[in-house]
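Everything below belongs to coords-v6.pdb, which stores PDB, C-alpha atoms.
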ATOM      1  CA  MET A   1      19.757  -5.721  -6.329
ATOM      2  CA  ASP A   2      20.462  -9.329  -7.329
ATOM      3  CA  GLN A   3      18.607 -10.475  -4.212
ATOM      4  CA  LEU A   4      15.302  -9.317  -5.649
ATOM      5  CA  HIS A   5      13.589 -12.443  -6.937
ATOM      6  CA  THR A   6      10.873 -13.009  -9.524
ATOM      7  CA  LEU A   7       8.137 -13.126  -6.886
ATOM      8  CA  TYR A   8       9.127  -9.597  -5.808
ATOM      9  CA  TYR A   9       8.388  -8.192  -9.245
ATOM     10  CA  ILE A  10       5.130 -10.123  -9.495
ATOM     11  CA  LEU A  11       3.979  -8.815  -6.119
ATOM     12  CA  ASP A  12       5.123  -5.266  -6.893
ATOM     13  CA  LEU A  13       3.292  -5.116 -10.219
ATOM     14  CA  THR A  14       0.223  -6.737  -8.680
ATOM     15  CA  GLY A  15       0.295  -4.149  -5.897
ATOM     16  CA  THR A  16       0.573  -1.391  -8.489
ATOM     17  CA  PHE A  17      -2.411  -2.815 -10.354
ATOM     18  CA  VAL A  18      -4.737  -3.240  -7.363
ATOM     19  CA  PHE A  19      -3.771   0.087  -5.780
ATOM     20  CA  ALA A  20      -4.504   1.765  -9.124
ATOM     21  CA  ILE A  21      -7.956   0.156  -9.058
ATOM     22  CA  SER A  22      -8.621   1.511  -5.559
ATOM     23  CA  GLY A  23      -7.492   4.964  -6.668
ATOM     24  CA  ALA A  24      -9.600   4.877  -9.842
ATOM     25  CA  ILE A  25     -12.690   3.807  -7.888
ATOM     26  CA  ALA A  26     -12.213   6.547  -5.297
ATOM     27  CA  ALA A  27     -11.668   9.163  -8.031
ATOM     28  CA  LYS A  28     -14.719   8.022  -9.993
ATOM     29  CA  GLN A  29     -16.859   8.175  -6.860
ATOM     30  CA  LYS A  30     -15.676  11.771  -6.424
ATOM     31  CA  GLY A  31     -16.851  12.607  -9.942
ATOM     32  CA  LEU A  32     -13.440  13.344 -11.484
ATOM     33  CA  ASP A  33     -12.955  13.312 -15.252
ATOM     34  CA  LEU A  34     -10.948  10.692 -17.143
ATOM     35  CA  PHE A  35      -7.631  12.487 -16.695
ATOM     36  CA  GLY A  36      -8.292  13.047 -13.005
ATOM     37  CA  ILE A  37      -9.150   9.381 -12.494
ATOM     38  CA  PHE A  38      -5.901   8.291 -14.133
ATOM     39  CA  VAL A  39      -3.823  10.795 -12.134
ATOM     40  CA  ILE A  40      -5.285   9.552  -8.842
ATOM     41  CA  ALA A  41      -4.877   5.905  -9.900
ATOM     42  CA  PHE A  42      -1.223   6.386 -10.863
ATOM     43  CA  THR A  43      -0.503   8.402  -7.718
ATOM     44  CA  VAL A  44      -1.907   5.688  -5.466
ATOM     45  CA  ALA A  45      -0.195   2.934  -7.434
ATOM     46  CA  CYS A  46       3.290   4.458  -7.573
ATOM     47  CA  GLY A  47       3.407   7.199  -4.925
ATOM     48  CA  GLY A  48       4.614   5.026  -2.057
ATOM     49  CA  GLY A  49       7.164   3.247  -4.237
ATOM     50  CA  ILE A  50       8.553   6.528  -5.528
ATOM     51  CA  ILE A  51       9.024   7.804  -1.965
ATOM     52  CA  ARG A  52      10.758   4.535  -1.033
ATOM     53  CA  ASP A  53      13.090   4.641  -4.034
ATOM     54  CA  LEU A  54      14.075   8.230  -3.309
ATOM     55  CA  CYS A  55      14.888   7.261   0.273
ATOM     56  CA  ILE A  56      17.127   4.327  -0.697
ATOM     57  CA  GLY A  57      18.842   6.175  -3.535
ATOM     58  CA  VAL A  58      17.150   4.608  -6.565
ATOM     59  CA  ILE A  59      17.063   7.675  -8.814
ATOM     60  CA  PRO A  60      15.060   8.080 -10.951
ATOM     61  CA  PRO A  61      12.472   5.889  -9.178
ATOM     62  CA  SER A  62      11.302   2.655 -10.795
ATOM     63  CA  GLY A  63       7.732   3.931 -10.901
ATOM     64  CA  LEU A  64       8.828   6.621 -13.352
ATOM     65  CA  THR A  65      11.357   4.682 -15.436
ATOM     66  CA  ASN A  66       9.817   1.207 -15.728
ATOM     67  CA  TRP A  67       7.059   1.206 -18.353
ATOM     68  CA  ARG A  68       5.399  -1.804 -16.735
ATOM     69  CA  TYR A  69       4.197   0.271 -13.775
ATOM     70  CA  LEU A  70       2.638   2.865 -16.067
ATOM     71  CA  CYS A  71       0.967   0.151 -18.138
ATOM     72  CA  ALA A  72      -0.371  -1.537 -14.993
ATOM     73  CA  ALA A  73      -1.904   1.762 -13.844
ATOM     74  CA  ILE A  74      -3.420   2.465 -17.275
ATOM     75  CA  LEU A  75      -4.849  -1.058 -17.549
ATOM     76  CA  ALA A  76      -6.305  -0.906 -14.033
ATOM     77  CA  THR A  77      -7.903   2.470 -14.744
ATOM     78  CA  ALA A  78      -9.397   1.278 -18.040
ATOM     79  CA  LEU A  79     -10.796  -1.887 -16.467
ATOM     80  CA  THR A  80     -12.248   0.051 -13.536
ATOM     81  CA  ILE A  81     -14.044   2.494 -15.833
ATOM     82  CA  GLY A  82     -15.140  -0.163 -18.319
ATOM     83  CA  LEU A  83     -16.258  -2.708 -15.735
ATOM     84  CA  TYR A  84     -17.299  -0.322 -12.982
ATOM     85  CA  GLY A  85     -20.666  -2.007 -12.576
ATOM     86  CA  LEU A  86     -18.949  -5.332 -11.891
ATOM     87  CA  VAL A  87     -16.319  -3.829  -9.586
ATOM     88  CA  LYS A  88     -18.987  -1.944  -7.660
ATOM     89  CA  ARG A  89     -20.656  -5.208  -6.674
ATOM     90  CA  LEU A  90     -17.768  -5.967  -4.352
ATOM     91  CA  HIS A  91     -18.502  -4.996  -0.775
ATOM     92  CA  ARG A  92     -16.790  -1.676  -0.195
ATOM     93  CA  PRO A  93     -14.491  -2.149  -3.221
ATOM     94  CA  VAL A  94     -12.089   0.683  -2.413
ATOM     95  CA  LEU A  95     -11.331  -0.803   0.988
ATOM     96  CA  PHE A  96     -10.857  -4.307  -0.445
ATOM     97  CA  PHE A  97      -8.386  -3.286  -3.145
ATOM     98  CA  ASP A  98      -6.707  -0.865  -0.766
ATOM     99  CA  ALA A  99      -6.146  -3.663   1.759
ATOM    100  CA  LEU A 100      -4.701  -5.905  -0.942
ATOM    101  CA  GLY A 101      -2.407  -3.166  -2.232
ATOM    102  CA  LEU A 102      -1.362  -2.313   1.321
ATOM    103  CA  SER A 103      -0.293  -5.903   1.931
ATOM    104  CA  LEU A 104       1.585  -6.274  -1.351
ATOM    105  CA  PHE A 105       3.515  -3.027  -0.949
ATOM    106  CA  ALA A 106       4.380  -3.644   2.703
ATOM    107  CA  VAL A 107       6.100  -6.833   1.551
ATOM    108  CA  THR A 108       7.873  -5.446  -1.525
ATOM    109  CA  GLY A 109       8.874  -2.207   0.201
ATOM    110  CA  ALA A 110      10.706  -4.036   2.979
ATOM    111  CA  GLN A 111      12.234  -6.490   0.515
ATOM    112  CA  LYS A 112      13.654  -3.783  -1.734
ATOM    113  CA  ALA A 113      15.169  -1.877   1.203
ATOM    114  CA  LEU A 114      16.895  -5.068   2.387
ATOM    115  CA  ALA A 115      18.066  -5.902  -1.133
ATOM    116  CA  TYR A 116      19.784  -2.526  -1.362
ATOM    117  CA  GLY A 117      21.721  -3.216   1.830
ATOM    118  CA  HIS A 118      19.781  -1.127   4.331
ATOM    119  CA  ASN A 119      19.337  -2.141   7.943
ATOM    120  CA  VAL A 120      16.330  -3.588   9.742
ATOM    121  CA  GLN A 121      14.945  -0.238  10.874
ATOM    122  CA  VAL A 122      15.065   1.251   7.384
ATOM    123  CA  ALA A 123      13.481  -1.851   5.862
ATOM    124  CA  ILE A 124      10.536  -1.793   8.279
ATOM    125  CA  LEU A 125       9.941   1.951   7.946
ATOM    126  CA  LEU A 126      10.150   1.895   4.155
ATOM    127  CA  GLY A 127       7.887  -1.145   4.034
ATOM    128  CA  VAL A 128       5.240   0.876   5.854
ATOM    129  CA  ILE A 129       5.886   4.030   3.816
ATOM    130  CA  THR A 130       5.622   2.103   0.546
ATOM    131  CA  ALA A 131       2.321   0.632   1.700
ATOM    132  CA  VAL A 132       0.648   3.795   2.972
ATOM    133  CA  GLY A 133       2.325   6.576   0.964
ATOM    134  CA  GLY A 134       0.153   6.375  -2.130
ATOM    135  CA  GLY A 135      -3.052   6.174  -0.107
ATOM    136  CA  VAL A 136      -2.118   9.256   1.901
ATOM    137  CA  ILE A 137      -1.498  11.256  -1.285
ATOM    138  CA  ARG A 138      -4.797  10.000  -2.730
ATOM    139  CA  ASP A 139      -6.784  11.074   0.317
ATOM    140  CA  ILE A 140      -5.144  14.507   0.361
ATOM    141  CA  LEU A 141      -5.885  15.066  -3.337
ATOM    142  CA  LEU A 142      -9.492  13.950  -2.819
ATOM    143  CA  ASN A 143      -9.862  16.223   0.219
ATOM    144  CA  ARG A 144     -10.280  13.389   2.705
ATOM    145  CA  VAL A 145      -8.670  12.713   6.061
ATOM    146  CA  PRO A 146      -5.929  10.117   5.346
ATOM    147  CA  VAL A 147      -6.813   6.706   6.738
ATOM    148  CA  ILE A 148      -3.410   6.491   8.415
ATOM    149  CA  LEU A 149      -4.324   9.472  10.617
ATOM    150  CA  GLU A 150      -7.589   7.947  11.768
ATOM    151  CA  ARG A 151      -7.918   5.290  14.425
ATOM    152  CA  GLU A 152      -8.386   2.401  11.986
ATOM    153  CA  ILE A 153      -5.812  -0.401  11.982
ATOM    154  CA  TYR A 154      -4.073   0.438   8.705
ATOM    155  CA  ALA A 155      -0.410   1.276   9.073
ATOM    156  CA  THR A 156      -0.237  -1.268  11.913
ATOM    157  CA  ALA A 157      -1.160  -4.045   9.477
ATOM    158  CA  ALA A 158       1.571  -2.882   7.084
ATOM    159  CA  LEU A 159       4.002  -2.786  10.002
ATOM    160  CA  VAL A 160       3.298  -6.437  10.799
ATOM    161  CA  GLY A 161       3.889  -7.444   7.190
ATOM    162  CA  ALA A 162       7.187  -5.551   7.005
ATOM    163  CA  ILE A 163       8.391  -7.016  10.319
ATOM    164  CA  ILE A 164       7.682 -10.560   9.120
ATOM    165  CA  ILE A 165       9.796  -9.924   6.015
ATOM    166  CA  VAL A 166      12.683  -8.605   8.117
ATOM    167  CA  ILE A 167      12.518 -11.490  10.600
ATOM    168  CA  GLY A 168      12.311 -14.041   7.789
ATOM    169  CA  ASN A 169      15.325 -12.498   6.082
ATOM    170  CA  TYR A 170      17.318 -12.474   9.346
ATOM    171  CA  LEU A 171      16.506 -16.037  10.417
ATOM    172  CA  ASN A 172      16.765 -17.449   6.882
ATOM    173  CA  ILE A 173      14.994 -20.649   7.921
ATOM    174  CA  ILE A 174      12.576 -20.851   5.002
ATOM    175  CA  LYS A 175      12.701 -19.459   1.487
ATOM    176  CA  MET A 176      11.866 -15.782   1.080
ATOM    177  CA  GLU A 177       9.066 -16.702  -1.310
ATOM    178  CA  TRP A 178       7.242 -18.391   1.574
ATOM    179  CA  VAL A 179       8.100 -15.573   3.956
ATOM    180  CA  SER A 180       6.590 -13.126   1.461
ATOM    181  CA  ILE A 181       3.375 -15.146   1.232
ATOM    182  CA  ILE A 182       3.098 -15.399   5.027
ATOM    183  CA  ALA A 183       3.674 -11.648   5.413
ATOM    184  CA  LEU A 184       1.157 -10.880   2.676
ATOM    185  CA  ILE A 185      -1.556 -13.072   4.185
ATOM    186  CA  SER A 186      -0.894 -11.739   7.693
ATOM    187  CA  CYS A 187      -1.096  -8.078   6.679
ATOM    188  CA  PHE A 188      -4.199  -8.586   4.528
ATOM    189  CA  SER A 189      -5.963 -10.661   7.191
ATOM    190  CA  ILE A 190      -5.317  -8.098   9.921
ATOM    191  CA  ARG A 191      -6.632  -5.256   7.753
ATOM    192  CA  ILE A 192      -9.752  -7.143   6.606
ATOM    193  CA  LEU A 193     -10.551  -8.460  10.099
ATOM    194  CA  ALA A 194     -10.121  -4.962  11.503
ATOM    195  CA  LEU A 195     -12.612  -3.621   8.966
ATOM    196  CA  ARG A 196     -15.092  -6.440   9.514
ATOM    197  CA  ASN A 197     -14.942  -6.375  13.323
ATOM    198  CA  ASN A 198     -14.443  -2.607  13.719
ATOM    199  CA  TRP A 199     -11.090  -3.013  15.435
ATOM    200  CA  ASN A 200      -9.532   0.347  16.159
ATOM    201  CA  LEU A 201      -6.509   1.685  17.941
ATOM    202  CA  PRO A 202      -7.249   3.413  21.271
ATOM    203  CA  VAL A 203      -8.207   7.080  21.157
ATOM    204  CA  PHE A 204      -7.086   9.322  23.999
ATOM    205  CA  LYS A 205      -9.716  11.939  24.685
ATOM    206  CA  GLU A 206      -9.037  15.069  26.640
ATOM    207  CA  ASP A 207     -10.094  14.962  30.266
ATOM    208  CA  PRO A 208     -13.125  17.251  30.807
ATOM    209  CA  LYS A 209     -11.531  18.490  34.045
ATOM    210  CA  GLU A 210      -8.457  19.621  32.123
ATOM    211  CA  LYS A 211     -10.655  21.604  29.724
ATOM    212  CA  GLN A 212     -12.050  23.620  32.611
ATOM    213  CA  GLN A 213      -8.602  24.628  33.835
TER     214      GLN A 213
END
For the file at hand, write its structure as structure tokens.
Amino acid sequence: MDQLHTLYYILDLTGTFVFAISGAIAAKQKGLDLFGIFVIAFTVACGGGIIRDLCIGVIPPSGLTNWRYLCAAILATALTIGLYGLVKRLHRPVLFFDALGLSLFAVTGAQKALAYGHNVQVAILLGVITAVGGGVIRDILLNRVPVILEREIYATAALVGAIIIVIGNYLNIIKMEWVSIIALISCFSIRILALRNNWNLPVFKEDPKEKQQ
């Protein structure tokens, strides 16, 4: 636990904030009421972190016990509702904030798993789960196909970020603060470039000849 540095907490709270914005925007676009918007925002912001904490034995999870996460979600929801006209001007705002939250949580998820003494495999998997967990719950609650199940490059970007954290921690050549920044930029850039250039993972369609058999 002592290995978690100040930058970790800054990134984790920032991820909570921006993921809450993406959830609030998505909920508002679906026409939910104020309570529904907050529930979706909090679920997106803290869902992945709660799953991660349960997996590494942090009980009760930080997302439920640390008041800062709740305040970040409330503030993000209030700002989204109050400044929705301004937020809406961003090109595809949900995707932008989702990409930023994905990158932040991929980094902090892997870092926290390593700080609690778990191995490389656990750190990478929990980095990805932290990044995508909240978004999956959001999409299910809003009756949408989760992005992670579509062919978009989403979880792959989180995977890259988590791997960079693990490699940086293993090699210990540069400070973890710089490793975190590199992982964050890499994950965010991959996700944004994939959206802009329509990069997708390959889809394997069923052979028409096999259908006839």
Measuring between all atoms listed in the file, which one of A:Leu201, A:Val136, A:Leu11, A:Ile124 shows the shortest distance to Gly23 in chain A? A:Val136
Range 33-50 of chain A environment, 7 Å, all atoms listed in the file, sequence neighbours closer than 6 positions dropped, as a PDB file with C-alpha atoms, in the frame of the given file:
ATOM      1  CA  THR A  16       0.573  -1.391  -8.489  1.00  0.00           C
ATOM      2  CA  PHE A  17      -2.411  -2.815 -10.354  1.00  0.00           C
ATOM      3  CA  PHE A  19      -3.771   0.087  -5.780  1.00  0.00           C
ATOM      4  CA  ALA A  20      -4.504   1.765  -9.124  1.00  0.00           C
ATOM      5  CA  ILE A  21      -7.956   0.156  -9.058  1.00  0.00           C
ATOM      6  CA  GLY A  23      -7.492   4.964  -6.668  1.00  0.00           C
ATOM      7  CA  ALA A  24      -9.600   4.877  -9.842  1.00  0.00           C
ATOM      8  CA  ALA A  27     -11.668   9.163  -8.031  1.00  0.00           C
ATOM      9  CA  PRO A  61      12.472   5.889  -9.178  1.00  0.00           C
ATOM     10  CA  GLY A  63       7.732   3.931 -10.901  1.00  0.00           C
ATOM     11  CA  ALA A  73      -1.904   1.762 -13.844  1.00  0.00           C
ATOM     12  CA  THR A  77      -7.903   2.470 -14.744  1.00  0.00           C
ATOM     13  CA  ILE A 129       5.886   4.030   3.816  1.00  0.00           C
ATOM     14  CA  THR A 130       5.622   2.103   0.546  1.00  0.00           C
ATOM     15  CA  ALA A 131       2.321   0.632   1.700  1.00  0.00           C
ATOM     16  CA  VAL A 132       0.648   3.795   2.972  1.00  0.00           C
ATOM     17  CA  GLY A 133       2.325   6.576   0.964  1.00  0.00           C
ATOM     18  CA  GLY A 134       0.153   6.375  -2.130  1.00  0.00           C
ATOM     19  CA  GLY A 135      -3.052   6.174  -0.107  1.00  0.00           C
ATOM     20  CA  ILE A 137      -1.498  11.256  -1.285  1.00  0.00           C
ATOM     21  CA  ARG A 138      -4.797  10.000  -2.730  1.00  0.00           C
TER      22      ARG A 138
END
Set the distance at 6 Å and use only C-alpha atoms: which residues neighbour range 93-108 of chain A once local chain neighbours fewer than 6 positions away are removed? I'd like the list as a PDB file with C-alpha atoms, in the frame of the given file.
ATOM      1  CA  LEU A  11       3.979  -8.815  -6.119  1.00  0.00           C
ATOM      2  CA  GLY A  15       0.295  -4.149  -5.897  1.00  0.00           C
ATOM      3  CA  VAL A  18      -4.737  -3.240  -7.363  1.00  0.00           C
ATOM      4  CA  PHE A  19      -3.771   0.087  -5.780  1.00  0.00           C
ATOM      5  CA  SER A  22      -8.621   1.511  -5.559  1.00  0.00           C
ATOM      6  CA  GLY A 127       7.887  -1.145   4.034  1.00  0.00           C
ATOM      7  CA  VAL A 128       5.240   0.876   5.854  1.00  0.00           C
ATOM      8  CA  THR A 130       5.622   2.103   0.546  1.00  0.00           C
ATOM      9  CA  ALA A 131       2.321   0.632   1.700  1.00  0.00           C
ATOM     10  CA  ALA A 158       1.571  -2.882   7.084  1.00  0.00           C
ATOM     11  CA  GLY A 161       3.889  -7.444   7.190  1.00  0.00           C
ATOM     12  CA  ALA A 162       7.187  -5.551   7.005  1.00  0.00           C
ATOM     13  CA  LEU A 184       1.157 -10.880   2.676  1.00  0.00           C
ATOM     14  CA  CYS A 187      -1.096  -8.078   6.679  1.00  0.00           C
ATOM     15  CA  PHE A 188      -4.199  -8.586   4.528  1.00  0.00           C
TER      16      PHE A 188
END
I would like the residues chosen by the PyMOL selection byres ((chain A and resi 172-180) around 12) on the shown file; could you give them as a ChimeraX atom specification? /A:3-12,103-111,114-115,160-171,181-187
Atoms to include: C-alpha atoms. Write the selected residues as an mmCIF file, keeping the file's coordinate frame.
data_model
loop_
_atom_site.group_PDB
_atom_site.id
_atom_site.type_symbol
_atom_site.label_atom_id
_atom_site.label_comp_id
_atom_site.auth_asym_id
_atom_site.auth_seq_id
_atom_site.Cartn_x
_atom_site.Cartn_y
_atom_site.Cartn_z
ATOM 1 C CA GLN A 3 18.607 -10.475 -4.212
ATOM 2 C CA LEU A 4 15.302 -9.317 -5.649
ATOM 3 C CA HIS A 5 13.589 -12.443 -6.937
ATOM 4 C CA THR A 6 10.873 -13.009 -9.524
ATOM 5 C CA LEU A 7 8.137 -13.126 -6.886
ATOM 6 C CA TYR A 8 9.127 -9.597 -5.808
ATOM 7 C CA TYR A 9 8.388 -8.192 -9.245
ATOM 8 C CA ILE A 10 5.130 -10.123 -9.495
ATOM 9 C CA LEU A 11 3.979 -8.815 -6.119
ATOM 10 C CA ASP A 12 5.123 -5.266 -6.893
ATOM 11 C CA SER A 103 -0.293 -5.903 1.931
ATOM 12 C CA LEU A 104 1.585 -6.274 -1.351
ATOM 13 C CA PHE A 105 3.515 -3.027 -0.949
ATOM 14 C CA ALA A 106 4.380 -3.644 2.703
ATOM 15 C CA VAL A 107 6.100 -6.833 1.551
ATOM 16 C CA THR A 108 7.873 -5.446 -1.525
ATOM 17 C CA GLY A 109 8.874 -2.207 0.201
ATOM 18 C CA ALA A 110 10.706 -4.036 2.979
ATOM 19 C CA GLN A 111 12.234 -6.490 0.515
ATOM 20 C CA LEU A 114 16.895 -5.068 2.387
ATOM 21 C CA ALA A 115 18.066 -5.902 -1.133
ATOM 22 C CA VAL A 160 3.298 -6.437 10.799
ATOM 23 C CA GLY A 161 3.889 -7.444 7.190
ATOM 24 C CA ALA A 162 7.187 -5.551 7.005
ATOM 25 C CA ILE A 163 8.391 -7.016 10.319
ATOM 26 C CA ILE A 164 7.682 -10.560 9.120
ATOM 27 C CA ILE A 165 9.796 -9.924 6.015
ATOM 28 C CA VAL A 166 12.683 -8.605 8.117
ATOM 29 C CA ILE A 167 12.518 -11.490 10.600
ATOM 30 C CA GLY A 168 12.311 -14.041 7.789
ATOM 31 C CA ASN A 169 15.325 -12.498 6.082
ATOM 32 C CA TYR A 170 17.318 -12.474 9.346
ATOM 33 C CA LEU A 171 16.506 -16.037 10.417
ATOM 34 C CA ILE A 181 3.375 -15.146 1.232
ATOM 35 C CA ILE A 182 3.098 -15.399 5.027
ATOM 36 C CA ALA A 183 3.674 -11.648 5.413
ATOM 37 C CA LEU A 184 1.157 -10.880 2.676
ATOM 38 C CA ILE A 185 -1.556 -13.072 4.185
ATOM 39 C CA SER A 186 -0.894 -11.739 7.693
ATOM 40 C CA CYS A 187 -1.096 -8.078 6.679
#
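Counting from CA of Tyr116 in chain A, the distance to CA of Ser62 in chain A is 13.7 Å.
For Pro60 in chain A, the non-local neighbours within 12 Å, defined as residues at least 6 positions apart in the same chain or in other chains and counting all atoms listed in the file, are A:Gly49, A:Ile50, A:Ile51, A:Arg52, A:Asp53, A:Leu54, A:Asn66.
Reported to one decimal place, the separation of CA of Leu32 in chain A from CA of Leu13 in chain A is 24.9 Å.
Minimum atom-to-atom distances from A:Asn198, A:Thr14, A:Gln29, A:Thr156 to Lys88 in chain A were compared using only C-alpha atoms, and the lowest value belongs to A:Gln29.
Computed from the coordinates, the CA of Asp139 in chain A to CA of Lys30 in chain A distance equals 11.2 Å.
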Please expand the PyMOL selection byres ((chain A and resi 199) around 12) into the concrete residues it hits in this file, giving the result as a PyMOL selection string. chain A and resi 151-154+156-157+190-198+200-203
Selected residues written out with C-alpha atoms, as a PDB file, in the coordinates of the input:
ATOM      1  CA  ARG A 151      -7.918   5.290  14.425  1.00  0.00           C
ATOM      2  CA  GLU A 152      -8.386   2.401  11.986  1.00  0.00           C
ATOM      3  CA  ILE A 153      -5.812  -0.401  11.982  1.00  0.00           C
ATOM      4  CA  TYR A 154      -4.073   0.438   8.705  1.00  0.00           C
ATOM      5  CA  THR A 156      -0.237  -1.268  11.913  1.00  0.00           C
ATOM      6  CA  ALA A 157      -1.160  -4.045   9.477  1.00  0.00           C
ATOM      7  CA  ILE A 190      -5.317  -8.098   9.921  1.00  0.00           C
ATOM      8  CA  ARG A 191      -6.632  -5.256   7.753  1.00  0.00           C
ATOM      9  CA  ILE A 192      -9.752  -7.143   6.606  1.00  0.00           C
ATOM     10  CA  LEU A 193     -10.551  -8.460  10.099  1.00  0.00           C
ATOM     11  CA  ALA A 194     -10.121  -4.962  11.503  1.00  0.00           C
ATOM     12  CA  LEU A 195     -12.612  -3.621   8.966  1.00  0.00           C
ATOM     13  CA  ARG A 196     -15.092  -6.440   9.514  1.00  0.00           C
ATOM     14  CA  ASN A 197     -14.942  -6.375  13.323  1.00  0.00           C
ATOM     15  CA  ASN A 198     -14.443  -2.607  13.719  1.00  0.00           C
ATOM     16  CA  ASN A 200      -9.532   0.347  16.159  1.00  0.00           C
ATOM     17  CA  LEU A 201      -6.509   1.685  17.941  1.00  0.00           C
ATOM     18  CA  PRO A 202      -7.249   3.413  21.271  1.00  0.00           C
ATOM     19  CA  VAL A 203      -8.207   7.080  21.157  1.00  0.00           C
TER      20      VAL A 203
END
Box for range 167-186 of chain A: with edges along x, y and z, all listed atoms inside and 4 Å added on each side, what are the centre and edge lengths in Å to one decimal, as JSON?
{"center_x": 7.9, "center_y": -15.9, "center_z": 4.6, "size_x": 26.9, "size_y": 18.0, "size_z": 19.9}
